[in-house]
file target-v7.csv (CSV, C-alpha atoms)
chain,number,residue,atom,x,y,z
T,369,MET,CA,-52.8,8.6,-37.9
T,370,VAL,CA,-52.2,6.0,-35.1
T,371,ASN,CA,-50.4,2.8,-36.1
T,372,ASP,CA,-52.0,-0.5,-35.3
T,373,ILE,CA,-50.5,-2.4,-32.3
T,374,LYS,CA,-48.2,-5.1,-33.6
T,375,VAL,CA,-48.8,-8.4,-31.8
T,376,LEU,CA,-46.6,-11.6,-31.8
T,377,ILE,CA,-48.5,-14.8,-30.8
T,378,VAL,CA,-46.4,-17.4,-28.9
T,379,ASP,CA,-48.2,-20.7,-28.3
T,380,ASP,CA,-47.2,-24.3,-29.0
T,381,SER,CA,-50.6,-25.2,-30.4
T,382,MET,CA,-50.9,-24.5,-34.1
T,383,PHE,CA,-54.7,-24.6,-33.7
T,384,PHE,CA,-54.7,-22.0,-31.0
T,385,ARG,CA,-52.2,-19.8,-32.8
T,386,GLU,CA,-54.6,-19.7,-35.8
T,387,TYR,CA,-57.6,-19.2,-33.6
T,388,LEU,CA,-56.0,-16.2,-31.9
T,389,SER,CA,-54.9,-14.8,-35.3
T,390,GLU,CA,-58.3,-15.0,-36.9
T,391,GLY,CA,-60.0,-13.5,-33.8
T,392,LEU,CA,-57.5,-10.6,-33.5
T,393,LYS,CA,-57.8,-9.7,-37.2
T,394,LYS,CA,-61.4,-8.7,-36.5
T,395,GLN,CA,-60.3,-6.3,-33.7
T,396,ASN,CA,-59.7,-2.6,-34.7
T,397,GLY,CA,-56.3,-1.3,-34.1
T,398,ILE,CA,-54.5,-4.6,-33.8
T,399,GLU,CA,-52.2,-6.3,-36.3
T,400,VAL,CA,-50.8,-9.9,-35.9
T,401,VAL,CA,-47.3,-9.7,-37.3
T,402,GLY,CA,-46.1,-13.2,-36.5
T,403,PHE,CA,-46.3,-16.6,-34.7
T,404,ALA,CA,-43.9,-18.6,-32.7
T,405,LYS,CA,-44.4,-22.2,-31.5
T,406,ASP,CA,-41.8,-21.9,-28.6
T,407,PRO,CA,-39.7,-19.2,-26.9
T,408,TYR,CA,-36.6,-19.9,-29.1
T,409,GLU,CA,-38.5,-19.1,-32.2
T,410,ALA,CA,-40.1,-16.1,-30.4
T,411,ARG,CA,-36.7,-14.7,-29.6
T,412,ASP,CA,-35.7,-14.6,-33.2
T,413,LEU,CA,-39.0,-13.1,-34.3
T,414,ILE,CA,-38.8,-10.4,-31.6
T,415,LEU,CA,-35.6,-9.1,-33.2
T,416,GLU,CA,-37.0,-9.3,-36.7
T,417,LEU,CA,-40.6,-8.1,-36.2
T,418,LYS,CA,-40.2,-5.7,-33.2
T,419,PRO,CA,-43.7,-6.4,-31.8
T,420,ASP,CA,-45.5,-3.9,-29.5
T,421,VAL,CA,-47.2,-6.7,-27.4
T,422,ILE,CA,-46.7,-10.5,-27.1
T,423,THR,CA,-49.4,-13.0,-26.2
T,424,LEU,CA,-47.9,-16.0,-24.4
T,425,ASP,CA,-48.9,-19.4,-23.3
T,426,VAL,CA,-47.4,-20.5,-20.0
T,427,ASN,CA,-47.1,-24.3,-20.7
T,428,MET,CA,-44.8,-24.9,-23.7
T,429,PRO,CA,-42.1,-27.4,-24.6
T,430,ARG,CA,-38.3,-26.7,-24.5
T,431,MET,CA,-38.8,-23.6,-22.2
T,432,SER,CA,-41.8,-22.6,-20.1
T,433,GLY,CA,-43.5,-19.2,-20.6
T,434,ILE,CA,-42.4,-18.2,-17.1
T,435,ASP,CA,-38.7,-19.0,-17.8
T,436,PHE,CA,-39.1,-17.1,-21.1
T,437,LEU,CA,-40.4,-14.1,-19.3
T,438,LYS,CA,-37.5,-14.1,-16.9
T,439,LYS,CA,-35.1,-14.0,-19.8
T,440,LEU,CA,-37.1,-11.7,-22.0
T,441,ILE,CA,-38.1,-8.8,-19.9
T,442,PRO,CA,-34.6,-7.7,-18.7
T,443,GLN,CA,-33.3,-7.7,-22.3
T,444,TYR,CA,-36.4,-6.7,-24.3
T,445,PRO,CA,-39.1,-5.0,-22.0
T,446,ILE,CA,-42.0,-5.8,-24.3
T,447,PRO,CA,-45.5,-6.0,-22.7
T,448,VAL,CA,-46.8,-9.5,-22.4
T,449,VAL,CA,-50.3,-10.8,-22.0
T,450,VAL,CA,-50.4,-14.4,-20.8
T,451,ILE,CA,-53.2,-16.6,-22.1
T,452,SER,CA,-53.6,-19.8,-20.2
T,453,SER,CA,-55.9,-22.1,-18.3
T,454,ALA,CA,-56.9,-21.4,-14.7
T,455,SER,CA,-53.7,-22.1,-12.8
T,456,THR,CA,-51.5,-20.5,-10.1
T,457,ASN,CA,-48.8,-20.4,-12.9
T,458,ILE,CA,-50.6,-17.2,-13.9
T,459,PHE,CA,-49.3,-15.4,-10.8
T,460,ASP,CA,-45.8,-16.8,-11.4
T,461,ALA,CA,-46.0,-15.2,-14.8
T,462,LEU,CA,-47.1,-11.9,-13.5
T,463,ASP,CA,-44.2,-12.0,-10.9
T,464,ALA,CA,-41.8,-12.7,-13.8
T,465,GLY,CA,-42.9,-9.6,-15.7
T,466,ALA,CA,-46.2,-10.3,-17.6
T,467,VAL,CA,-48.4,-7.2,-17.6
T,468,ASP,CA,-51.8,-9.0,-17.6
T,469,PHE,CA,-53.5,-12.3,-18.2
T,470,LEU,CA,-56.6,-13.9,-19.7
T,471,LYS,CA,-58.1,-17.3,-19.2
T,472,LYS,CA,-58.4,-19.4,-22.3
T,473,PRO,CA,-61.9,-19.1,-23.8
T,474,ASP,CA,-64.8,-20.8,-22.3
T,475,ILE,CA,-66.5,-23.5,-24.4
T,476,LYS,CA,-69.8,-21.6,-23.9
T,477,ASP,CA,-68.3,-18.6,-25.8
T,478,LYS,CA,-68.5,-20.5,-29.1
T,479,ASP,CA,-67.6,-17.7,-31.4
T,480,GLY,CA,-65.1,-16.1,-29.0
T,481,THR,CA,-66.8,-12.7,-29.0
T,482,VAL,CA,-66.4,-12.1,-25.2
T,483,PHE,CA,-62.9,-13.6,-25.2
T,484,PHE,CA,-61.5,-11.5,-28.1
T,485,LYS,CA,-63.2,-8.3,-26.8
T,486,GLU,CA,-61.4,-8.7,-23.5
T,487,LEU,CA,-58.1,-9.7,-25.2
T,488,ALA,CA,-58.2,-6.7,-27.4
T,489,ILE,CA,-58.7,-4.4,-24.4
T,490,LYS,CA,-55.8,-6.0,-22.5
T,491,ILE,CA,-53.5,-5.7,-25.6
T,492,LYS,CA,-54.4,-2.1,-26.0
T,493,ILE,CA,-53.8,-1.3,-22.3
T,494,SER,CA,-50.6,-3.3,-22.3
T,495,SER,CA,-49.2,-1.4,-25.3
T,496,GLN,CA,-49.3,1.7,-23.1
T,497,VAL,CA,-47.4,0.1,-20.2
T,498,LYS,CA,-43.9,1.2,-19.2
T,499,TYR,CA,-41.6,-1.2,-17.5
T,500,ILE,CA,-40.2,-0.1,-14.2
T,501,ASN,CA,-37.7,-1.8,-11.8
T,502,VAL,CA,-39.5,-0.7,-8.7
T,503,ARG,CA,-39.4,-4.2,-7.2
T,504,LYS,CA,-36.3,-5.7,-8.7
T,505,ASP,CA,-33.9,-2.9,-7.8
T,506,GLU,CA,-35.0,-2.7,-4.3
T,507,LYS,CA,-32.8,-3.9,-1.4
T,508,SER,CA,-34.1,-7.1,0.3
T,509,ASN,CA,-33.5,-5.9,3.8
T,510,PHE,CA,-36.5,-3.7,4.8
T,511,SER,CA,-38.2,-3.1,8.1
T,512,LYS,CA,-41.9,-3.7,8.5
T,513,GLY,CA,-42.1,-1.3,11.4
T,514,SER,CA,-44.7,-1.9,14.1
T,515,THR,CA,-47.8,-0.3,15.5
T,516,ASP,CA,-50.0,-0.5,18.6
T,517,ILE,CA,-53.5,0.8,18.0
T,518,HIS,CA,-56.0,1.2,20.8
T,519,ASP,CA,-59.3,-0.4,19.7
T,520,VAL,CA,-57.7,-1.6,16.5
T,521,ASP,CA,-60.9,-3.2,15.2
T,522,LYS,CA,-62.6,0.2,15.1
T,523,TYR,CA,-60.5,1.0,12.1
T,524,ILE,CA,-60.3,-0.4,8.6
T,525,ILE,CA,-57.9,-0.2,5.5
T,526,ALA,CA,-59.4,-0.4,2.0
T,527,MET,CA,-57.3,-1.0,-1.1
T,528,GLY,CA,-58.0,-1.1,-4.8
T,529,ALA,CA,-55.9,-1.9,-7.9
T,530,SER,CA,-56.1,-3.2,-11.5
T,531,THR,CA,-53.4,-3.7,-14.2
T,532,GLY,CA,-50.1,-4.3,-12.4
T,533,GLY,CA,-51.9,-4.6,-9.1
T,534,THR,CA,-51.3,-8.2,-8.1
T,535,GLU,CA,-47.6,-7.6,-7.6
T,536,ALA,CA,-48.1,-4.0,-6.3
T,537,LEU,CA,-50.5,-5.2,-3.6
T,538,PHE,CA,-48.1,-8.0,-2.7
T,539,ASP,CA,-45.2,-5.5,-2.4
T,540,VAL,CA,-47.3,-3.4,0.0
T,541,ILE,CA,-48.8,-6.2,2.1
T,542,LYS,CA,-45.6,-8.0,2.8
T,543,ARG,CA,-44.2,-4.8,4.3
T,544,LEU,CA,-47.1,-4.2,6.7
T,545,PRO,CA,-47.1,-5.2,10.3
T,546,VAL,CA,-49.7,-7.9,11.0
T,547,ASN,CA,-51.2,-6.0,13.9
T,548,LEU,CA,-52.8,-3.3,11.7
T,549,PRO,CA,-56.6,-3.0,11.3
T,550,GLY,CA,-58.4,-5.4,9.0
T,551,ILE,CA,-57.8,-4.9,5.2
T,552,VAL,CA,-60.3,-5.2,2.4
T,553,ILE,CA,-59.2,-5.3,-1.2
T,554,VAL,CA,-60.6,-5.1,-4.7
T,555,GLN,CA,-58.2,-6.3,-7.4
T,556,HIS,CA,-59.8,-6.5,-10.8
T,557,MET,CA,-59.7,-10.2,-11.6
T,558,PRO,CA,-62.1,-12.9,-12.9
T,559,PRO,CA,-63.8,-15.5,-10.7
T,560,VAL,CA,-61.6,-18.5,-9.7
T,561,PHE,CA,-58.4,-16.4,-9.9
T,562,THR,CA,-59.4,-14.3,-6.9
T,563,LYS,CA,-59.5,-17.4,-4.7
T,564,MET,CA,-56.1,-18.4,-6.1
T,565,TYR,CA,-54.7,-15.0,-5.5
T,566,ALA,CA,-56.0,-14.9,-1.9
T,567,ASP,CA,-54.5,-18.3,-1.2
T,568,ARG,CA,-51.2,-17.2,-2.7
T,569,LEU,CA,-51.0,-14.1,-0.4
T,570,ASN,CA,-52.1,-16.2,2.5
T,571,ASN,CA,-49.1,-18.5,1.9
T,572,GLN,CA,-46.6,-15.8,1.2
T,573,THR,CA,-47.4,-13.2,3.9
T,574,ASP,CA,-47.9,-13.1,7.6
T,575,PHE,CA,-51.6,-12.2,7.3
T,576,GLU,CA,-54.6,-14.4,7.2
T,577,VAL,CA,-55.8,-13.8,3.6
T,578,LYS,CA,-59.1,-15.1,2.2
T,579,GLU,CA,-61.5,-14.6,-0.6
T,580,ALA,CA,-64.6,-12.8,0.6
T,581,GLU,CA,-67.7,-14.6,1.8
T,582,ASN,CA,-70.9,-13.1,3.1
T,583,GLY,CA,-70.7,-12.3,6.8
T,584,ASP,CA,-66.9,-12.3,7.0
T,585,LEU,CA,-65.6,-10.3,9.9
T,586,VAL,CA,-63.0,-7.6,9.1
T,587,LYS,CA,-60.5,-7.8,11.9
T,588,LYS,CA,-56.8,-7.3,12.8
T,589,GLY,CA,-54.4,-9.5,10.9
T,590,ARG,CA,-57.0,-10.5,8.3
T,591,ILE,CA,-57.1,-9.5,4.6
T,592,ILE,CA,-60.2,-10.1,2.6
T,593,ILE,CA,-60.0,-10.2,-1.3
T,594,ALA,CA,-63.2,-9.4,-3.2
T,595,GLN,CA,-64.6,-12.3,-5.3
T,596,GLY,CA,-64.4,-12.0,-9.1
T,597,GLY,CA,-67.9,-11.3,-10.6
T,598,ILE,CA,-69.7,-10.0,-7.5
T,599,GLN,CA,-69.6,-6.6,-5.7
T,600,MET,CA,-68.1,-6.5,-2.2
T,601,LEU,CA,-69.2,-4.0,0.4
T,602,VAL,CA,-68.4,-3.4,4.1
T,603,VAL,CA,-71.2,-2.8,6.5
T,604,LYS,CA,-71.2,-2.1,10.3
T,605,ARG,CA,-73.2,-4.4,12.5
T,606,ALA,CA,-73.1,-4.4,16.3
T,607,GLY,CA,-69.9,-2.3,16.2
T,608,GLU,CA,-68.1,-4.7,13.9
T,609,TYR,CA,-67.2,-4.4,10.2
T,610,VAL,CA,-68.7,-7.2,8.2
T,611,ILE,CA,-68.5,-8.2,4.5
T,612,LYS,CA,-71.6,-8.0,2.4
T,613,LEU,CA,-71.6,-9.5,-1.2
T,614,SER,CA,-74.3,-8.0,-3.3
T,615,GLY,CA,-75.0,-7.6,-7.0
T,616,THR,CA,-73.2,-8.5,-10.3
T,617,GLU,CA,-73.8,-5.3,-12.2
T,618,LYS,CA,-70.6,-3.5,-13.2
T,619,ARG,CA,-69.8,-0.1,-11.7
T,620,SER,CA,-67.1,2.1,-13.2
T,621,GLY,CA,-66.8,-0.7,-15.7
T,622,HIS,CA,-66.0,-3.4,-13.2
T,623,CYS,CA,-67.4,-6.1,-10.9
T,624,PRO,CA,-66.0,-6.1,-8.3
T,625,SER,CA,-65.6,-2.4,-8.3
T,626,VAL,CA,-63.2,-0.4,-6.1
T,627,ASP,CA,-65.7,2.5,-6.1
T,628,VAL,CA,-68.4,0.2,-4.6
T,629,LEU,CA,-66.0,-1.0,-1.9
T,630,PHE,CA,-64.6,2.5,-1.1
T,631,SER,CA,-68.1,4.1,-1.0
T,632,SER,CA,-69.3,1.4,1.5
T,633,VAL,CA,-66.2,2.0,3.7
T,634,ALA,CA,-66.8,5.7,3.6
T,635,GLU,CA,-70.3,5.1,5.0
T,636,ALA,CA,-69.4,2.4,7.5
T,637,ALA,CA,-66.1,3.6,8.9
T,638,ARG,CA,-65.9,7.3,8.0
T,639,GLU,CA,-62.8,8.9,9.7
T,640,LYS,CA,-61.7,5.5,11.1
T,641,SER,CA,-60.5,4.3,7.7
T,642,VAL,CA,-57.6,4.5,5.3
T,643,GLY,CA,-58.0,4.2,1.5
T,644,VAL,CA,-55.2,3.2,-0.9
T,645,LEU,CA,-55.5,3.3,-4.7
T,646,LEU,CA,-52.8,1.6,-6.7
T,647,THR,CA,-51.9,1.1,-10.4
T,648,GLY,CA,-54.6,0.4,-12.9
T,649,MET,CA,-56.2,1.6,-16.1
T,650,GLY,CA,-59.4,3.6,-16.0
T,651,VAL,CA,-61.1,5.6,-13.2
T,652,ASP,CA,-62.5,3.0,-10.9
T,653,GLY,CA,-61.8,4.0,-7.3
T,654,ALA,CA,-61.5,7.7,-7.8
T,655,THR,CA,-65.0,8.8,-6.8
T,656,GLY,CA,-65.1,6.3,-3.9
T,657,LEU,CA,-61.7,7.5,-2.6
T,658,LEU,CA,-63.1,11.1,-2.7
T,659,GLU,CA,-66.1,10.0,-0.7
T,660,MET,CA,-63.8,8.4,1.9
T,661,LYS,CA,-61.8,11.6,2.1
T,662,LYS,CA,-64.9,13.8,2.6
T,663,LYS,CA,-66.0,11.5,5.4
T,664,GLY,CA,-62.6,12.0,7.2
T,665,ALA,CA,-60.6,9.1,6.0
T,666,TYR,CA,-56.9,9.3,5.2
T,667,THR,CA,-56.3,8.6,1.5
T,668,ILE,CA,-53.2,7.5,-0.4
T,669,GLY,CA,-52.5,7.1,-4.2
T,670,GLN,CA,-49.6,5.5,-6.0
T,671,ASP,CA,-47.5,8.0,-8.0
T,672,GLU,CA,-47.0,7.9,-11.7
T,673,ALA,CA,-43.3,7.0,-11.7
T,674,THR,CA,-44.0,3.6,-10.0
T,675,SER,CA,-47.4,2.8,-11.5
T,676,ILE,CA,-47.5,0.2,-14.3
T,677,VAL,CA,-50.5,2.1,-15.5
T,678,TYR,CA,-51.1,5.5,-14.0
T,679,GLY,CA,-54.8,5.6,-14.7
T,680,MET,CA,-56.9,5.0,-11.5
T,681,PRO,CA,-54.5,6.8,-9.2
T,682,LYS,CA,-54.3,9.7,-11.6
T,683,ALA,CA,-58.1,10.0,-11.9
T,684,ALA,CA,-58.3,10.1,-8.1
T,685,PHE,CA,-55.5,12.7,-7.8
T,686,SER,CA,-57.0,14.9,-10.4
T,687,ILE,CA,-60.3,15.3,-8.5
T,688,GLY,CA,-58.6,16.0,-5.2
T,689,ALA,CA,-59.2,12.5,-3.6
T,690,VAL,CA,-55.6,11.8,-2.8
T,691,MET,CA,-54.0,13.3,0.4
T,692,ALA,CA,-50.6,11.6,-0.1
T,693,GLN,CA,-49.3,10.5,-3.5
T,694,LEU,CA,-46.3,8.2,-3.0
T,695,PRO,CA,-43.9,5.8,-4.7
T,696,LEU,CA,-45.2,2.2,-4.2
T,697,LEU,CA,-42.6,1.2,-1.7
T,698,ASP,CA,-43.2,4.3,0.5
T,699,ILE,CA,-46.9,3.4,0.9
T,700,PRO,CA,-46.4,0.6,3.6
T,701,GLY,CA,-44.4,3.0,5.8
T,702,LYS,CA,-46.9,5.8,5.4
T,703,ILE,CA,-49.8,3.5,6.5
T,704,THR,CA,-47.9,2.3,9.5
T,705,ASN,CA,-46.8,5.8,10.5
T,706,TYR,CA,-50.4,7.0,10.2
T,707,PHE,CA,-51.7,4.5,12.7
T,708,ASN,CA,-48.7,5.1,15.0
T,709,LYS,CA,-49.9,8.7,15.3
T,710,ILE,CA,-53.5,7.9,16.3
call {"tool": "encode", "arguments": {"input": "target-v7.csv", "output": "structure tokens"}}
result
Amino acid sequence: MVNDIKVLIVDDSMFFREYLSEGLKKQNGIEVVGFAKDPYEARDLILELKPDVITLDVNMPRMSGIDFLKKLIPQYPIPVVVISSASTNIFDALDAGAVDFLKKPDIKDKDGTVFFKELAIKIKISSQVKYINVRKDEKSNFSKGSTDIHDVDKYIIAMGASTGGTEALFDVIKRLPVNLPGIVIVQHMPPVFTKMYADRLNNQTDFEVKEAENGDLVKKGRIIIAQGGIQMLVVKRAGEYVIKLSGTEKRSGHCPSVDVLFSSVAEAAREKSVGVLLTGMGVDGATGLLEMKKKGAYTIGQDEATSIVYGMPKAAFSIGAVMAQLPLLDIPGKITNYFNKI
């Protein structure tokens, strides 16, 4: 018999602590074992209650959720789901070690049905996460390499990720030379946050990074991030790769979906493309990556040892869609070397 997942709620609002507790009690497989109004109280309860997962607010008195994460994870690597308002602080929390995040419930979701369904899923996924020091142990002096591709805009790079992907993508992108072909990305994330994420990457890397808009041109030095809540495809028009936003129905359980993007790239770019599938729960991206491979694309998957959740890349590897399975920090060099050989 499988034990319920033990959850510790950390939030300075008594009302919200009670709201979370009541909602989570109705979710199968989850037990709320305690509450903390601030990180200091949480520290003592972690030792006493030994929770499997923590839900955490970012903005709290005495110590912020981000500072708490920086102190917590090295000592007690417990999976944390951040629950907060729409803010760039979310990405600081993910960088500090949070596994996932969820926006505080919309006023339209009066009974919290949608919110608690999503929270329960994220808690259950997070409980399976293993913490790895792929980023923290790495030496800071790395070389981006370089590449010089003839007719660079005839090629395209497509990437997909989910849980753990925001930081994994950043670790790959910051190590890539800016003169690579245009890059298109699906990272499972709700609306509003995809724009924040694109702006963050734009500010922290050498690339021009933007949230997708209809008609965007995919070109050298540019990265386009799919919008939350709408499918993103790549089409070819007059010899150029162009973004097409179309449909809000989920595929492989997601919108945007990595499968939708990869399938469109397989059709539009065929052998002049590279597909990269990173950490994430589920199977999204596996069949799309296989389509890319069958059309002549070069395909890469993140390995199990460095994946926060080895779900999506495992699904792709198991159906023969992955040509090179690599540790996260070896992927940028593999992409660069591939284009150097063209």
call {"tool": "atom_distance", "arguments": {"input": "target-v7.csv", "atom1": "atom CA of T:Ile591", "atom2": "atom CA of T:Arg619"}}
result
22.7 Å
call {"tool": "atom_distance", "arguments": {"input": "target-v7.csv", "atom1": "atom CA of T:Phe403", "atom2": "atom CA of T:Tyr499"}}
result
23.6 Å
call {"tool": "atom_distance", "arguments": {"input": "target-v7.csv", "atom1": "atom CA of T:Ile517", "atom2": "atom CA of T:Ala665"}}
result
16.2 Å
call {"tool": "closest_atom_pairs", "arguments": {"input": "target-v7.csv", "of": "stretch 549-594 of chain T", "to": "stretch 634-641 of chain T", "cutoff": "12 Å", "atoms": "only C-alpha atoms", "output": "CSV"}}
result
residue,atom,partner,partner_atom,distance
T:Pro549,CA,T:Ser641,CA,9.0
T:Gly550,CA,T:Ser641,CA,10.0
T:Ile551,CA,T:Ser641,CA,9.9
T:Val552,CA,T:Ser641,CA,10.9
T:Val586,CA,T:Ala637,CA,11.6
call {"tool": "closest_residue", "arguments": {"input": "target-v7.csv", "among": "T:Thr456, T:Ser631, T:Thr573, T:Gln599", "to": "T:Lys663", "atoms": "all atoms listed in the file"}}
result
T:Ser631
call {"tool": "closest_residue", "arguments": {"input": "target-v7.csv", "among": "T:Ala536, T:Met431, T:Ile446, T:Val482", "to": "T:Asp463", "atoms": "only C-alpha atoms"}}
result
T:Ala536
call {"tool": "closest_residue", "arguments": {"input": "target-v7.csv", "among": "T:Ile441, T:Leu415, T:Ile699, T:Val642", "to": "T:Tyr523", "atoms": "all atoms listed in the file"}}
result
T:Val642
call {"tool": "residues_around", "arguments": {"input": "target-v7.csv", "residues": "T:Glu486", "least_positions_apart": "2", "cutoff": "12 Å", "atoms": "only C-alpha atoms", "output": "list in words"}}
result
Gly391, Leu392, Gln395, Val449, Ile451, Asp468, Phe469, Leu470, Lys471, Lys472, Pro473, Gly480, Thr481, Val482, Phe483, Phe484, Ala488, Ile489, Lys490, Ile491, Lys492, Ile493 and Pro558 of chain T
call {"tool": "residues_around", "arguments": {"input": "target-v7.csv", "residues": "T:Glu672", "least_positions_apart": "3", "cutoff": "9 Å", "atoms": "all atoms listed in the file", "output": "number ranges by chain"}}
result
T: 647, 675-679, 681-682, 693-695
call {"tool": "closest_residue", "arguments": {"input": "target-v7.csv", "among": "T:Met600, T:Leu388, T:Ile377, T:Ala673", "to": "T:Pro419", "atoms": "all atoms listed in the file"}}
result
T:Ile377
call {"tool": "residues_around", "arguments": {"input": "target-v7.csv", "residues": "T:Leu417", "least_positions_apart": "2", "cutoff": "12 Å", "atoms": "only C-alpha atoms", "output": "MDAnalysis selection string"}}
result
chainID T and resid 374:377 399:404 409:415 419:422
call {"tool": "residues_around", "arguments": {"input": "target-v7.csv", "residues": "T:Gly583", "least_positions_apart": "6", "cutoff": "10 Å", "atoms": "all atoms listed in the file", "output": "mmCIF file with C-alpha atoms, keeping the file's coordinate frame"}}
result
data_model
loop_
_atom_site.group_PDB
_atom_site.id
_atom_site.type_symbol
_atom_site.label_atom_id
_atom_site.label_comp_id
_atom_site.auth_asym_id
_atom_site.auth_seq_id
_atom_site.Cartn_x
_atom_site.Cartn_y
_atom_site.Cartn_z
ATOM 1 C CA VAL T 602 -68.400 -3.400 4.100
ATOM 2 C CA VAL T 603 -71.200 -2.800 6.500
ATOM 3 C CA TYR T 609 -67.200 -4.400 10.200
ATOM 4 C CA VAL T 610 -68.700 -7.200 8.200
ATOM 5 C CA ILE T 611 -68.500 -8.200 4.500
ATOM 6 C CA LYS T 612 -71.600 -8.000 2.400
ATOM 7 C CA LEU T 613 -71.600 -9.500 -1.200
#
call {"tool": "closest_residue", "arguments": {"input": "target-v7.csv", "among": "T:Ala684, T:Cys623, T:Leu629, T:Met428", "to": "T:Leu601", "atoms": "all atoms listed in the file"}}
result
T:Leu629
call {"tool": "closest_residue", "arguments": {"input": "target-v7.csv", "among": "T:Asp379, T:Ala689, T:Ser432, T:Glu535", "to": "T:Lys661", "atoms": "only C-alpha atoms"}}
result
T:Ala689
call {"tool": "residues_around", "arguments": {"input": "target-v7.csv", "residues": "T:Lys702", "least_positions_apart": "3", "cutoff": "12 Å", "atoms": "only C-alpha atoms", "output": "number ranges by chain"}}
result
T: 512-515, 540, 543-544, 642-644, 666-670, 691-699, 705-709
call {"tool": "residues_near_point", "arguments": {"input": "target-v7.csv", "point": "(-45.8, -11.0, 2.7)", "cutoff": "9 Å", "atoms": "all atoms listed in the file", "output": "number ranges by chain"}}
result
T: 538-544, 569-575
